[in-house]
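Asks: Quick one, target-v4.txt (compact mmCIF, C-alpha atoms):
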# COMPACT_ATOMS: atom_id res chain seq x y z
CA MET K 1 105.04 189.65 111.94
CA ARG K 2 104.45 186.26 113.51
CA ILE K 3 101.05 185.97 111.89
CA ARG K 4 102.51 186.76 108.50
CA PHE K 5 105.15 184.14 109.07
CA ALA K 6 102.56 181.55 110.12
CA LEU K 7 100.36 182.30 107.12
CA ALA K 8 103.33 182.19 104.77
CA LEU K 9 104.36 178.84 106.28
CA MET K 10 100.90 177.36 105.82
CA VAL K 11 100.49 178.65 102.28
CA ALA K 12 103.96 177.42 101.30
CA GLY K 13 103.21 173.98 102.73
CA LEU K 14 99.88 173.76 100.94
CA LEU K 15 101.38 174.88 97.63
CA CYS K 16 104.18 172.36 98.01
CA ALA K 17 101.67 169.60 98.80
CA ALA K 18 99.45 170.54 95.88
CA GLY K 19 102.42 170.54 93.53
CA VAL K 20 103.61 167.11 94.59
CA ALA K 21 100.08 165.71 94.57
CA SER K 22 99.43 166.93 91.03
CA ALA K 23 102.68 165.40 89.83
CA GLN K 24 101.70 162.14 91.48
CA ASP K 25 98.27 162.18 89.82
CA THR K 26 99.82 162.61 86.41
CA ASN K 27 101.97 159.54 86.90
CA THR K 28 99.06 157.43 88.06
CA THR K 29 96.88 158.41 85.17
CA GLU K 30 99.57 157.58 82.67
CA SER K 31 100.18 154.13 83.98
CA LEU K 32 96.52 153.27 84.43
CA SER K 33 95.58 154.45 80.98
CA GLY K 34 98.30 152.20 79.63
CA TYR K 35 96.74 149.21 81.27
CA THR K 36 93.27 150.12 80.15
CA ASN K 37 94.51 150.04 76.60
CA THR K 38 96.35 146.83 77.16
CA VAL K 39 93.68 144.73 78.81
CA PRO K 40 91.32 144.16 75.89
CA THR K 41 94.09 143.06 73.56
CA THR K 42 95.41 140.67 76.19
CA THR K 43 92.13 138.90 76.67
CA GLN K 44 91.48 138.27 73.03
CA PRO K 45 93.95 135.63 71.79
CA PRO K 46 94.02 133.26 74.79
CA THR K 47 90.22 133.06 75.00
CA THR K 48 90.21 131.64 71.51
CA THR K 49 92.77 129.09 72.60
CA ALA K 50 90.84 128.16 75.72
CA GLU K 51 87.74 127.55 73.66
CA ALA K 52 89.64 125.58 71.08
CA GLU K 53 91.38 123.53 73.73
CA PRO K 54 88.62 121.12 74.82
CA ALA K 55 87.64 120.24 71.27
CA PRO K 56 90.70 118.16 70.33
CA ALA K 57 90.76 115.16 72.56
CA THR K 58 94.18 113.89 71.60
CA GLU K 59 97.25 115.06 73.41
CA GLY K 60 99.17 115.98 70.28
CA GLN K 61 96.58 118.46 69.15
CA GLU K 62 96.25 119.88 72.58
CA SER K 63 99.89 120.70 72.91
CA THR K 64 100.02 122.39 69.52
CA SER K 65 97.00 124.49 70.41
CA VAL K 66 98.67 125.75 73.57
CA ALA K 67 102.04 126.52 72.05
CA PRO K 68 100.96 129.23 69.58
CA SER K 69 98.95 131.03 72.24
CA VAL K 70 102.00 131.19 74.49
CA ALA K 71 104.13 132.53 71.68
CA ALA K 72 101.44 134.99 70.60
CA GLN K 73 100.77 136.28 74.09
CA PRO K 74 103.83 138.44 74.52
CA ALA K 75 103.81 139.89 71.02
CA GLY K 76 102.52 143.39 71.67
CA THR K 77 100.35 142.99 74.67
CA ALA K 78 102.88 143.89 77.35
CA PRO K 79 102.13 147.10 79.30
CA ASP K 80 103.55 150.29 77.85
CA SER K 81 104.50 151.82 81.21
CA LEU K 82 105.55 150.67 84.65
CA ALA K 83 103.14 150.86 87.56
CA PHE K 84 103.18 153.72 90.05
CA THR K 85 104.09 152.22 93.41
CA GLY K 86 105.61 155.15 95.25
CA ALA K 87 104.58 157.55 97.95
CA GLU K 88 105.60 161.01 98.99
CA PRO K 89 106.35 161.04 102.72
CA LEU K 90 108.10 164.38 102.25
CA LEU K 91 104.72 165.76 101.23
CA LEU K 92 103.24 164.61 104.54
CA ILE K 93 106.14 166.13 106.43
CA ALA K 94 105.77 169.46 104.60
CA LEU K 95 102.04 169.51 105.25
CA GLY K 96 102.49 168.53 108.88
CA LEU K 97 105.14 171.18 109.47
CA ALA K 98 103.03 173.86 107.83
CA LEU K 99 99.91 172.95 109.73
CA ALA K 100 101.59 172.44 113.10
CA GLY K 101 103.80 175.51 112.74
CA GLY K 102 100.98 177.77 111.64
CA THR K 103 98.51 176.70 114.28
CA ALA K 104 101.15 176.76 117.04
CA THR K 105 102.02 180.35 116.17
CA PHE K 106 98.37 181.37 116.34
CA LEU K 107 97.93 179.55 119.66
CA VAL K 108 100.94 181.31 121.22
CA ARG K 109 99.67 184.67 120.01
CA ASP K 110 96.22 183.99 121.48
CA ARG K 111 97.67 182.96 124.81
CA ARG K 112 99.77 186.13 125.00
CA ARG K 113 96.78 188.27 124.19
CA SER K 114 94.64 186.63 126.84
CA GLN K 115 97.41 187.11 129.40
CA GLN K 116 97.59 190.81 128.63
CA MET P 1 77.68 215.62 146.13
CA THR P 2 78.26 212.61 144.05
CA ALA P 3 81.51 211.84 145.80
CA GLY P 4 79.86 212.00 149.15
CA ARG P 5 77.07 209.62 148.10
CA SER P 6 79.47 207.02 146.75
CA ALA P 7 81.60 207.24 149.87
CA ALA P 8 78.56 206.68 152.00
CA ALA P 9 77.39 203.57 150.14
CA PRO P 10 78.53 200.30 151.77
CA GLU P 11 80.90 198.08 149.75
CA GLY P 12 79.38 195.07 147.98
CA SER P 13 75.83 196.19 148.48
CA PRO P 14 73.29 194.80 145.96
CA SER P 15 72.45 198.32 144.86
CA GLU P 16 75.90 198.61 143.18
CA PRO P 17 76.42 195.72 140.67
CA ALA P 18 79.12 197.57 138.65
CA ALA P 19 81.59 197.07 141.48
CA ALA P 20 81.52 193.22 141.15
CA PRO P 21 84.84 191.75 139.76
CA PRO P 22 84.72 190.63 136.07
CA VAL P 23 84.46 186.87 135.42
CA PRO P 24 87.85 185.67 134.19
CA GLY P 25 88.21 183.38 131.12
CA PRO P 26 87.89 183.75 127.35
CA PRO P 27 84.56 184.30 125.68
CA ARG P 28 82.93 181.49 123.77
CA ARG P 29 84.22 182.62 120.39
CA ARG P 30 87.79 182.59 121.59
CA ARG P 31 87.33 179.14 123.09
CA VAL P 32 86.06 177.75 119.77
CA ARG P 33 88.98 179.35 117.96
CA ARG P 34 91.40 177.77 120.40
CA LEU P 35 89.78 174.35 119.92
CA VAL P 36 90.09 174.65 116.13
CA LEU P 37 93.72 175.65 116.44
CA LEU P 38 94.43 172.75 118.79
CA ALA P 39 92.78 170.37 116.33
CA GLY P 40 94.95 171.81 113.55
CA LEU P 41 98.06 171.43 115.69
CA THR P 42 97.16 167.81 116.46
CA ALA P 43 96.55 167.07 112.79
CA GLY P 44 99.85 168.71 111.84
CA VAL P 45 101.80 166.72 114.41
CA ALA P 46 100.04 163.51 113.28
CA LEU P 47 100.96 164.19 109.63
CA LEU P 48 104.52 164.93 110.63
CA ALA P 49 104.75 161.71 112.66
CA ASP P 50 103.22 159.72 109.80
CA GLY P 51 105.72 161.14 107.31
CA LEU P 52 108.66 160.40 109.59
CA LEU P 53 107.42 156.86 110.27
CA THR P 54 107.06 156.31 106.53
CA ILE P 55 110.66 157.35 106.00
CA PHE P 56 112.17 155.30 108.80
CA TRP P 57 109.82 152.27 108.68
CA GLN P 58 106.70 152.29 106.50
CA GLU P 59 103.38 154.10 106.36
CA PRO P 60 101.54 152.60 109.36
CA LEU P 61 97.88 153.09 108.41
CA THR P 62 98.10 151.59 104.94
CA ALA P 63 100.33 148.81 106.33
CA LEU P 64 97.50 147.81 108.63
CA GLN P 65 95.05 147.84 105.74
CA GLN P 66 97.38 145.72 103.59
CA SER P 67 97.96 143.25 106.41
CA ARG P 68 94.23 142.61 106.66
CA SER P 69 93.94 142.21 102.89
CA GLN P 70 96.81 139.73 102.86
CA SER P 71 95.14 137.60 105.55
CA ALA P 72 91.96 137.43 103.50
CA LEU P 73 93.88 136.62 100.31
CA ARG P 74 95.87 133.87 102.04
CA SER P 75 92.63 132.11 102.96
CA GLU P 76 91.60 132.24 99.28
CA LEU P 77 94.56 130.21 98.07
CA PRO P 78 93.54 126.66 99.15
CA ARG P 79 90.13 127.14 97.51
CA LEU P 80 91.79 128.43 94.37
CA ARG P 81 94.06 125.38 94.27
CA GLN P 82 91.09 123.02 94.57
CA ALA P 83 89.03 124.87 91.96
CA LEU P 84 91.88 124.91 89.48
CA ALA P 85 92.59 121.21 89.97
CA ALA P 86 88.91 120.44 89.36
CA GLU P 87 88.61 122.67 86.30
CA VAL P 88 91.79 121.51 84.63
CA PRO P 89 91.96 117.75 85.22
CA GLN P 90 95.13 115.91 84.38
CA ALA P 91 95.04 114.33 80.94
CA PRO P 92 96.38 110.78 80.61
CA SER P 93 100.15 110.64 80.12
CA GLU P 94 100.36 114.42 80.34
CA THR P 95 103.65 115.82 81.59
CA GLY P 96 103.77 117.98 84.69
CA ALA P 97 105.09 120.95 82.72
CA HIS P 98 102.28 120.70 80.21
CA ARG P 99 99.63 120.54 82.88
CA MET P 100 101.15 123.50 84.73
CA ARG P 101 101.03 125.47 81.49
CA ARG P 102 97.36 124.64 80.95
CA GLN P 103 96.53 125.57 84.54
CA ALA P 104 98.54 128.80 84.26
CA LEU P 105 96.64 129.76 81.11
CA LYS P 106 93.35 129.02 82.81
CA LEU P 107 94.32 131.10 85.84
CA LEU P 108 95.65 133.92 83.69
CA HIS P 109 92.29 134.58 82.11
CA ALA P 110 89.99 133.63 84.96
CA ARG P 111 91.10 135.99 87.71
CA SER P 112 89.70 139.47 88.20
CA ALA P 113 91.71 142.48 89.41
CA GLY P 114 92.70 142.15 93.05
CA ALA P 115 92.16 138.38 93.23
CA ALA P 116 94.87 136.17 94.73
CA LEU P 117 97.16 134.32 92.30
CA GLY P 118 99.88 132.78 94.46
CA THR P 119 102.63 133.71 96.87
CA LEU P 120 105.94 135.47 96.41
CA ASP P 121 108.82 134.55 98.68
CA ILE P 122 112.12 136.46 98.61
CA PRO P 123 114.28 135.29 101.54
CA ARG P 124 117.01 137.91 101.03
CA ILE P 125 114.65 140.79 101.79
CA GLY P 126 112.36 138.85 104.12
CA LEU P 127 109.34 139.09 101.86
CA LYS P 128 106.44 136.65 101.94
CA ALA P 129 103.34 138.03 100.27
CA VAL P 130 100.30 136.96 98.32
CA VAL P 131 100.41 138.22 94.72
CA VAL P 132 97.22 139.62 93.22
CA GLU P 133 96.03 140.13 89.67
CA SER P 134 96.51 143.60 88.12
CA THR P 135 98.73 146.54 88.95
CA GLY P 136 95.90 149.04 89.28
CA HIS P 137 95.82 151.21 92.40
CA ASP P 138 93.21 149.13 94.22
CA ALA P 139 94.97 145.84 93.52
CA LEU P 140 98.33 147.14 94.68
CA THR P 141 96.88 148.17 98.02
CA LYS P 142 96.44 144.45 98.73
CA GLY P 143 99.90 143.24 97.78
CA PRO P 144 102.33 142.86 94.89
CA GLY P 145 100.40 142.93 91.63
CA HIS P 146 100.79 140.94 88.41
CA TYR P 147 101.06 143.05 85.25
CA ARG P 148 98.25 142.28 82.89
CA GLY P 149 99.65 141.50 79.50
CA THR P 150 102.50 139.46 80.98
CA VAL P 151 102.36 135.71 81.49
CA LEU P 152 102.17 133.65 84.67
CA PRO P 153 104.85 131.20 85.86
CA GLY P 154 104.59 127.99 83.86
CA ILE P 155 104.15 129.79 80.54
CA ASP P 156 107.03 130.80 78.28
CA GLY P 157 107.59 134.53 78.56
CA THR P 158 107.99 137.25 81.16
CA VAL P 159 106.10 137.36 84.43
CA GLY P 160 105.80 140.99 85.58
CA LEU P 161 105.15 142.01 89.18
CA ALA P 162 104.91 145.47 90.77
CA GLY P 163 104.86 146.37 94.46
CA HIS P 164 104.82 149.38 96.76
CA ARG P 165 108.00 150.56 98.46
CA THR P 166 106.80 152.78 101.30
CA THR P 167 103.04 152.32 101.64
CA TYR P 168 100.60 149.40 101.81
CA GLY P 169 102.98 147.09 103.63
CA ALA P 170 105.91 148.17 101.44
CA PRO P 171 106.51 144.68 100.02
CA PHE P 172 109.22 145.89 97.61
CA ARG P 173 110.87 148.38 99.99
CA HIS P 174 114.21 146.56 99.91
CA VAL P 175 114.00 145.32 96.33
CA ASP P 176 117.14 147.35 95.57
CA GLN P 177 119.08 145.05 97.92
CA LEU P 178 118.57 142.03 95.67
CA GLN P 179 121.82 140.90 94.08
CA THR P 180 122.73 138.65 91.20
CA GLY P 181 121.93 135.10 92.28
CA SER P 182 119.33 136.03 94.92
CA SER P 183 116.46 133.52 94.97
CA ILE P 184 112.86 134.43 94.29
CA VAL P 185 110.23 131.73 94.78
CA MET P 186 106.71 131.94 93.40
CA LYS P 187 104.27 129.37 94.74
CA MET P 188 101.34 129.10 92.40
CA PRO P 189 98.28 126.87 92.93
CA TYR P 190 99.71 124.51 90.30
CA GLY P 191 103.42 124.50 91.13
CA GLN P 192 106.46 126.12 92.64
CA PHE P 193 108.84 128.22 90.54
CA THR P 194 112.30 129.31 91.61
CA TYR P 195 114.06 132.21 89.92
CA LYS P 196 117.55 133.65 90.31
CA VAL P 197 118.19 137.36 89.93
CA ILE P 198 120.27 138.14 86.84
CA SER P 199 120.14 141.94 86.60
CA LYS P 200 118.92 145.14 88.19
CA ARG P 201 118.54 148.53 86.56
CA ILE P 202 116.93 151.94 86.94
CA THR P 203 114.71 153.24 84.19
CA SER P 204 111.98 155.76 83.44
CA PRO P 205 108.29 155.08 84.20
CA GLY P 206 107.50 154.94 80.48
CA ASP P 207 110.08 152.27 79.71
CA ALA P 208 108.26 148.94 79.96
CA SER P 209 110.61 147.09 77.64
CA ALA P 210 111.64 144.79 80.50
CA LEU P 211 108.12 143.36 80.59
CA ARG P 212 108.21 142.16 76.99
CA SER P 213 108.41 138.43 76.52
CA HIS P 214 110.94 136.77 74.27
CA PRO P 215 110.42 133.31 72.81
CA GLY P 216 112.02 130.58 74.85
CA GLN P 217 112.78 132.83 77.83
CA ARG P 218 111.13 132.31 81.19
CA ARG P 219 111.79 135.39 83.28
CA LEU P 220 110.38 137.15 86.30
CA VAL P 221 110.55 140.95 86.45
CA LEU P 222 109.93 142.95 89.62
CA THR P 223 109.30 146.69 89.33
CA ALA P 224 108.89 149.45 91.91
CA CYS P 225 109.21 153.19 92.21
CA HIS P 226 112.71 154.60 92.65
CA PRO P 227 114.33 156.22 94.56
CA LEU P 228 112.70 155.15 97.78
CA TYR P 229 110.76 158.33 98.56
CA SER P 230 110.00 159.36 95.05
CA ALA P 231 108.18 158.17 91.96
CA ALA P 232 110.53 159.80 89.47
CA GLU P 233 112.05 156.56 88.23
CA ARG P 234 111.50 152.80 88.38
CA ILE P 235 113.77 150.02 89.56
CA VAL P 236 113.55 146.84 87.50
CA VAL P 237 114.90 143.53 88.81
CA SER P 238 115.06 140.66 86.32
CA ALA P 239 115.37 136.99 87.26
CA ARG P 240 115.44 133.79 85.23
CA LEU P 241 113.65 130.55 85.98
CA VAL P 242 115.90 127.84 87.39
CA SER P 243 113.37 125.23 88.52
CA ALA P 244 109.67 124.44 88.27
CA THR P 245 108.01 121.80 90.39
CA PRO P 246 104.38 120.76 89.82
CA ALA P 247 102.11 120.90 92.87
Would you mind giving the structure from this file in structure tokens?
Replies:
Amino acid sequence: MRIRFALALMVAGLLCAAGVASAQDTNTTESLSGYTNTVPTTTQPPTTTAEAEPAPATEGQESTSVAPSVAAQPAGTAPDSLAFTGAEPLLLIALGLALAGGTATFLVRDRRRSQQ
Amino acid sequence: MTAGRSAAAPEGSPSEPAAAPPVPGPPRRRRVRRLVLLAGLTAGVALLADGLLTIFWQEPLTALQQSRSQSALRSELPRLRQALAAEVPQAPSETGAHRMRRQALKLLHARSAGAALGTLDIPRIGLKAVVVESTGHDALTKGPGHYRGTVLPGIDGTVGLAGHRTTYGAPFRHVDQLQTGSSIVMKMPYGQFTYKVISKRITSPGDASALRSHPGQRRLVLTACHPLYSAAERIVVSARLVSATPA
């Protein structure tokens, strides 16, 4: 009975951990893929500006060359999702409880057997 | 006959090895099994302790890793300041704001993921951290990350930053405690920018509308996972620029 309980505890903990971990992976992939799509478009317009910048020596031209790039920058290059910055401590606790509970039950059973 | 012979034999004689007492203790296989179980128990208790520490304080192992990264990044900043000053020299009769904008643009496109950009100082939640480029996983292990596709302070638009709440030093752990009017200071290699919090809201991970820039607006947006021990939603804190001082 105890062994069944220990095994059930361990399996439940592992399933719970796997479930949470897979959910976490999905979130990460979504956000990262968003950035991967975003990065190339971001780099494009300002590089043109940076190259164009040294050419005009006068201040007036310089300021007009900077202004459009600033206005153009936000236009559709912002990320399409917010970064994943969380953690799942409950997952660690579930795993720890399952592992510690399961192994402790087996240890107690072994000790009793050896005493008999 | 047999009984008589055994009765006659003296006790403990070498001719009768079966009478010796058995050696106590588990066999080797049982000992290995016990060691494995003890290792499992230790690992389980360690995981449990780590989870509880993460809830009541922060995840200790990743905090140590982030602390080392922050020290290394902090030493990068003076060199970055010098390099930027050399690469973007001040034009004659150029205003401080204009030069900061040129330096910000230069920095925006020169830094790789995980490289130091400047420091973030939020007195209300006791945060002082070096901000890095990108919000990818590796970059965020070092400190708060700057969203690619958003601008840097000194440029018109929205500056977007993301940070961990429970792991890797948990820089944004108490970001929910920021209130309207709370100060946020970003020290960049080219100037210091002070923002005041104007709003705070909870949204879904796919809603990045807060990071969009609007012409004429200079905002800072902080994002983090929400609630504290989950990644189901995101908390978004918006602040507006109130002062910019060239370095």
Asks: Please indicate the distance in Å from CA of Val132 in chain P to CA of Pro205 in chain P, rounded to one decimal place.
Replies: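 Separation between CA of Val132 in chain P and CA of Pro205 in chain P: 21.0 Å.
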Asks: Tell me, counting all atoms listed in the file, for each residue of chain K within 6 Å of chain P, which pair of atoms is nearest and how far apart they are in Å to one decimal, in rows ordered by chain and increasing number, as a Markdown table.
Replies:
| residue | atom | partner | partner_atom | distance |
| --- | --- | --- | --- | --- |
| K:Thr42 | CA | P:Gly149 | CA | 5.4 |
| K:Pro74 | CA | P:Ser213 | CA | 5.0 |
| K:Thr77 | CA | P:Gly149 | CA | 5.1 |
| K:Ala78 | CA | P:Gly149 | CA | 4.6 |
| K:Asp80 | CA | P:Ala208 | CA | 5.3 |
| K:Ser81 | CA | P:Gly206 | CA | 4.4 |
| K:Leu82 | CA | P:Pro205 | CA | 5.2 |
| K:Thr85 | CA | P:His164 | CA | 4.5 |
| K:Gly86 | CA | P:Cys225 | CA | 5.1 |
| K:Glu88 | CA | P:Tyr229 | CA | 5.8 |
| K:Pro89 | CA | P:Gly51 | CA | 4.6 |
| K:Leu92 | CA | P:Gly51 | CA | 5.1 |
| K:Ile93 | CA | P:Leu48 | CA | 4.7 |
| K:Gly96 | CA | P:Gly44 | CA | 4.0 |
| K:Leu99 | CA | P:Gly44 | CA | 4.7 |
| K:Ala100 | CA | P:Gly44 | CA | 4.3 |
| K:Thr103 | CA | P:Leu37 | CA | 5.4 |
Asks: Any idea what the distance is between CA of Ser199 in chain P and CA of Ala129 in chain P?
Replies: 22.0 Å
Asks: Rounded to one decimal, what separation in Å do you get between CA of Arg81 in chain P and CA of Leu64 in chain P?
Replies: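 According to the coordinates, CA of Arg81 in chain P and CA of Leu64 in chain P are separated by 26.9 Å.
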Asks: List the spatial neighbours of Arg124 in chain P as a PyMOL selection string - criterion: any atom at most 9 Å away, all atoms listed in the file, same-chain residues fewer than 5 positions off excluded.
Replies: chain P and resi 177-179+182-184
